[in-house]
Number of protein chains: 2
Amino acid sequence: MAEIEAIAKLVNQLSKLPGVGRKTAQRLAYHIIALPEEQVRELAVAIFNGKKQIHFCPVCGNYTDTDPCAICSDPERRHDIVCVVRDPRDVNAMERMRDYNGLYHVLHGVISPMDGVGPDDIRIRELMSRLSSGEIQEVVLATNPDVEGEATAAYISRLIKPMGVKVTRIAHGVPVGGELEYTDEVTLMRAFQGRTEL
Amino acid sequence: MAEIEAIAKLVNQLSKLPGVGRKTAQRLAYHIIALPEEQVRELAVAIFNGKKQIHFCPVCGNYTDTDPCAICSDPERRHDIVCVVRDPRDVNAMERMRDYNGLYHVLHGVISPMDGVGPDDIRIRELMSRLSSGEIQEVVLATNPDVEGEATAAYISRLIKPMGVKVTRIAHGVPVGGELEYTDEVTLMRAFQGRTEL
């Protein structure tokens, strides 16, 4: 079979994406090849820049293209409340809700002894140092409502409480065992509004 | 909502791909951002080159990165038989079969009066000029077995026959692994009519 190398490479690269099998990769490849060159350039540039221009905000740990990120440096937002999440995509989910106007802290993981992830492996130390400035009045723990998420929330809660900072946990409006990323906006809003002090 | 422009652009570009909705585009975008930069570069380059390096073979009309394409210029293949298909992806399907060793001719469409596509809008003229060299002994019509595909095959067949070139049509029948019980009547009729002596 006479394979065209450029097509084979494209199919190969696309099939590495999550949820994209061989057949889908082939369908996507033929679609891309049939597009006008300008559109393909835009796609390729968006992919490359999406990676190249994005890094972690030194303050909150979210993806950003500025230092600090647009959320951390926004004077319109409340700087006395911090929402703690596992992943950048959870920040995205919270922002879609359009009901939260404070800051974030991305842990980049949760405590999971089974996977060898301890408190020092995620951004808990950075959270504590943010709290030491005294500006933050409330910490909302918005890790996923699964075993590791609950354990991480409990751990952080025990650390923060002695500092006299209010600690809350998003309500179990989020389906137990579910993921923030796939939660609809209304459920997420309910969960946020129903947050309780720990 | 503080959107990061580079991520928004990436999600926007990905969601233009066929079968990729907003949610999938977001999942892919976050996956891409989390990849090592080298892998992202490879993906972007594969997409861009996949488009840039590929054009239509001036002889058969298939996608190629050389002139003429690897199939047309392969001395190991039979140059006296041409398989006529609608799309480059049909060439791909035929090649996967690994049983055909001749040349191709890609029409880039089928005759479809409903869509305003006439014989002059697809590469029929180019096929006729290939046949005029006298080298081709058989033309296999492998357009899809739907209304437009059949009409196109019939049209081309009428054009070619007077030239004394053998014209064949791929067989219609029950798909291998399929069941008679669930085969539609028309297919079954074709399968019966096309029965061969064992």
# chains A, B, ... in the order shown; residues from 1 in each chain; ligands from 1

call {"tool": "select_by_dssp", "arguments": {"residues": "segment 12-182 of chain B", "states": "strand (DSSP E)", "output": "MDAnalysis selection string"}}
result
chainID B and resid 55:56 63:64 81:85 103:106 138:141 166:169

call {"tool": "residues_around", "arguments": {"residues": "segment 106-112 of chain B", "least_positions_apart": "2", "cutoff": "6 Å", "atoms": "only C-alpha atoms", "output": "MDAnalysis selection string"}}
result
chainID B and resid 60:62 84:87 114:115 117:119 122:123 148 152

call {"tool": "interface_residues", "arguments": {"of": "chain B", "to": "chain A", "cutoff": "6 Å", "atoms": "only C-alpha atoms", "output": "tab-separated table (two decimals) with all heavy atoms, in the first residue's frame"}}
result
chain	number	residue	atom	x	y	z
B	1	MET	N	-16.24	36.71	33.02
B	1	MET	CA	-15.37	35.53	32.98
B	1	MET	C	-14.06	35.88	32.28
B	1	MET	O	-14.04	36.39	31.18
B	1	MET	CB	-16.09	34.41	32.21
B	1	MET	CG	-15.20	33.23	31.90
B	1	MET	SD	-16.17	31.82	31.36
B	1	MET	CE	-14.86	30.74	30.81
B	6	ALA	N	-5.50	32.59	24.24
B	6	ALA	CA	-4.86	31.48	23.51
B	6	ALA	C	-5.66	30.19	23.67
B	6	ALA	O	-5.77	29.39	22.74
B	6	ALA	CB	-3.43	31.29	23.98
B	7	ILE	N	-6.23	29.98	24.86
B	7	ILE	CA	-7.04	28.77	25.09
B	7	ILE	C	-8.36	28.89	24.34
B	7	ILE	O	-8.81	27.95	23.68
B	7	ILE	CB	-7.28	28.53	26.59
B	7	ILE	CG1	-5.94	28.28	27.31
B	7	ILE	CG2	-8.22	27.35	26.80
B	7	ILE	CD1	-6.09	27.98	28.79
B	10	LEU	N	-7.86	28.20	20.76
B	10	LEU	CA	-7.61	26.78	20.53
B	10	LEU	C	-8.93	26.00	20.56
B	10	LEU	O	-9.21	25.20	19.68
B	10	LEU	CB	-6.63	26.24	21.57
B	10	LEU	CG	-6.31	24.75	21.53
B	10	LEU	CD1	-5.87	24.32	20.13
B	10	LEU	CD2	-5.21	24.42	22.54
B	13	GLN	N	-10.92	26.77	17.44
B	13	GLN	CA	-10.40	26.09	16.26
B	13	GLN	C	-10.74	24.60	16.28
B	13	GLN	O	-11.16	24.03	15.27
B	13	GLN	CB	-8.88	26.27	16.15
B	13	GLN	CG	-8.45	27.65	15.67
B	13	GLN	CD	-8.86	27.91	14.23
B	13	GLN	OE1	-8.94	26.99	13.42
B	13	GLN	NE2	-9.15	29.15	13.92
B	33	ILE	N	-2.63	21.37	26.01
B	33	ILE	CA	-1.84	22.31	26.82
B	33	ILE	C	-0.97	21.57	27.84
B	33	ILE	O	0.13	22.00	28.17
B	33	ILE	CB	-2.77	23.32	27.52
B	33	ILE	CG1	-3.39	24.25	26.47
B	33	ILE	CG2	-2.03	24.13	28.56
B	33	ILE	CD1	-4.54	25.08	26.98
B	43	LEU	N	2.46	17.78	16.56
B	43	LEU	CA	1.06	17.76	16.15
B	43	LEU	C	0.76	18.92	15.21
B	43	LEU	O	0.18	18.73	14.13
B	43	LEU	CB	0.15	17.82	17.39
B	43	LEU	CG	-1.34	18.00	17.13
B	43	LEU	CD1	-1.92	16.83	16.36
B	43	LEU	CD2	-2.10	18.17	18.45
B	44	ALA	N	1.19	20.13	15.62
B	44	ALA	CA	0.92	21.32	14.80
B	44	ALA	C	1.60	21.22	13.44
B	44	ALA	O	1.00	21.55	12.41
B	44	ALA	CB	1.38	22.58	15.54
B	46	ALA	N	2.48	18.45	11.87
B	46	ALA	CA	1.83	17.39	11.09
B	46	ALA	C	0.57	17.92	10.43
B	46	ALA	O	0.28	17.62	9.26
B	46	ALA	CB	1.50	16.18	11.97
B	47	ILE	N	-0.18	18.74	11.15
B	47	ILE	CA	-1.40	19.32	10.60
B	47	ILE	C	-1.05	20.27	9.45
B	47	ILE	O	-1.61	20.19	8.36
B	47	ILE	CB	-2.20	20.07	11.69
B	47	ILE	CG1	-2.86	19.04	12.62
B	47	ILE	CG2	-3.25	20.98	11.07
B	47	ILE	CD1	-3.52	19.65	13.83
B	48	PHE	N	-0.09	21.15	9.72
B	48	PHE	CA	0.25	22.15	8.70
B	48	PHE	C	0.85	21.50	7.46
B	48	PHE	O	0.44	21.79	6.33
B	48	PHE	CB	1.21	23.19	9.28
B	48	PHE	CG	1.39	24.36	8.38
B	48	PHE	CD1	0.32	25.19	8.08
B	48	PHE	CD2	2.61	24.62	7.80
B	48	PHE	CE1	0.46	26.28	7.23
B	48	PHE	CE2	2.76	25.70	6.95
B	48	PHE	CZ	1.69	26.53	6.66
B	50	GLY	N	0.57	18.36	6.59
B	50	GLY	CA	-0.43	17.48	6.00
B	50	GLY	C	-1.20	18.22	4.92
B	50	GLY	O	-1.56	17.67	3.89
B	51	LYS	N	-1.46	19.51	5.19
B	51	LYS	CA	-2.15	20.33	4.20
B	51	LYS	C	-1.19	20.85	3.14
B	51	LYS	O	-1.43	20.74	1.94
B	51	LYS	CB	-2.83	21.51	4.90
B	51	LYS	CG	-3.44	22.52	3.98
B	51	LYS	CD	-4.58	21.92	3.18
B	51	LYS	CE	-5.05	22.86	2.07
B	51	LYS	NZ	-6.14	22.27	1.31
B	95	GLU	N	-7.12	0.53	-1.05
B	95	GLU	CA	-5.75	0.13	-0.75
B	95	GLU	C	-5.68	-0.71	0.53
B	95	GLU	O	-4.86	-1.62	0.64
B	95	GLU	CB	-4.85	1.36	-0.60
B	95	GLU	CG	-4.52	2.04	-1.91
B	95	GLU	CD	-3.69	1.13	-2.82
B	95	GLU	OE1	-2.50	0.94	-2.55
B	95	GLU	OE2	-4.25	0.59	-3.80

call {"tool": "select_by_dssp", "arguments": {"residues": "segment 60-103 of chain B", "states": "alpha helix (DSSP H)", "output": "list in words"}}
result
Pro88, Arg89, Asp90, Val91, Asn92, Ala93, Met94, Glu95, Arg96 and Met97 of chain B

call {"tool": "write_last_selection", "arguments": {"atoms": "C-alpha atoms", "output": "compact mmCIF listing (two decimals), in the first residue's frame"}}
result
# COMPACT_ATOMS: atom_id res chain seq x y z
CA PRO B 88 -9.41 10.17 -2.23
CA ARG B 89 -10.70 8.36 0.89
CA ASP B 90 -12.16 5.69 -1.40
CA VAL B 91 -8.65 5.07 -2.77
CA ASN B 92 -7.61 4.64 0.83
CA ALA B 93 -10.38 2.07 1.40
CA MET B 94 -9.42 0.14 -1.75
CA GLU B 95 -5.75 0.13 -0.75
CA ARG B 96 -6.61 -1.22 2.70
CA MET B 97 -8.13 -4.22 0.89

call {"tool": "atom_distance", "arguments": {"atom1": "atom CA of Leu131 of chain A", "atom2": "atom CA of His79 of chain A"}}
result
11.2 Å

call {"tool": "residues_around", "arguments": {"residues": "segment 80-83 of chain B", "least_positions_apart": "5", "cutoff": "7 Å", "atoms": "only C-alpha atoms", "output": "list in words"}}
result
Gly102, Leu103, Tyr104, His105, Glu135, Ile136, Gln137, Glu138, Val139, Val140, Leu141 and Ala142 of chain B

call {"tool": "write_last_selection", "arguments": {"atoms": "N, CA, C and O atoms", "output": "CSV table (one decimal), in the first residue's frame"}}
result
chain,number,residue,atom,x,y,z
B,102,GLY,N,-3.8,-2.2,-9.5
B,102,GLY,CA,-3.8,-1.3,-10.6
B,102,GLY,C,-3.7,0.2,-10.3
B,102,GLY,O,-3.3,0.5,-9.2
B,103,LEU,N,-4.2,1.0,-11.2
B,103,LEU,CA,-4.2,2.5,-11.0
B,103,LEU,C,-5.5,2.9,-10.5
B,103,LEU,O,-6.5,2.2,-10.5
B,104,TYR,N,-5.6,4.2,-10.2
B,104,TYR,CA,-6.9,4.8,-9.8
B,104,TYR,C,-7.2,6.0,-10.7
B,104,TYR,O,-6.4,6.6,-11.3
B,105,HIS,N,-8.5,6.4,-10.6
B,105,HIS,CA,-8.9,7.7,-11.1
B,105,HIS,C,-10.0,8.3,-10.2
B,105,HIS,O,-11.0,7.7,-10.0
B,135,GLU,N,-3.3,2.5,-23.4
B,135,GLU,CA,-2.6,1.6,-22.5
B,135,GLU,C,-3.6,0.8,-21.6
B,135,GLU,O,-3.4,-0.3,-21.2
B,136,ILE,N,-4.7,1.5,-21.3
B,136,ILE,CA,-5.6,1.0,-20.3
B,136,ILE,C,-6.6,0.0,-21.0
B,136,ILE,O,-7.3,0.4,-21.9
B,137,GLN,N,-6.7,-1.2,-20.4
B,137,GLN,CA,-7.5,-2.3,-21.0
B,137,GLN,C,-8.8,-2.4,-20.2
B,137,GLN,O,-9.8,-2.9,-20.8
B,138,GLU,N,-8.8,-2.0,-18.9
B,138,GLU,CA,-10.1,-2.2,-18.2
B,138,GLU,C,-10.3,-1.1,-17.2
B,138,GLU,O,-9.4,-0.6,-16.6
B,139,VAL,N,-11.6,-0.6,-17.1
B,139,VAL,CA,-12.0,0.4,-16.2
B,139,VAL,C,-12.9,-0.2,-15.2
B,139,VAL,O,-14.0,-0.7,-15.6
B,140,VAL,N,-12.6,-0.2,-13.9
B,140,VAL,CA,-13.5,-0.7,-12.9
B,140,VAL,C,-14.2,0.5,-12.2
B,140,VAL,O,-13.6,1.3,-11.6
B,141,LEU,N,-15.5,0.5,-12.4
B,141,LEU,CA,-16.3,1.6,-11.8
B,141,LEU,C,-16.6,1.3,-10.3
B,141,LEU,O,-17.4,0.4,-10.1
B,142,ALA,N,-16.0,2.0,-9.4
B,142,ALA,CA,-16.2,1.7,-8.0
B,142,ALA,C,-16.8,2.9,-7.2
B,142,ALA,O,-16.5,3.1,-6.1

call {"tool": "closest_residue", "arguments": {"among": "A:Ala191, A:Met163, A:Leu127, A:Leu180", "to": "Gly149 of chain A", "atoms": "only C-alpha atoms"}}
result
A:Leu180

call {"tool": "closest_residue", "arguments": {"among": "B:Val176, B:Asp146, B:Val165, B:Thr187", "to": "Ser132 of chain B", "atoms": "only C-alpha atoms"}}
result
B:Val165
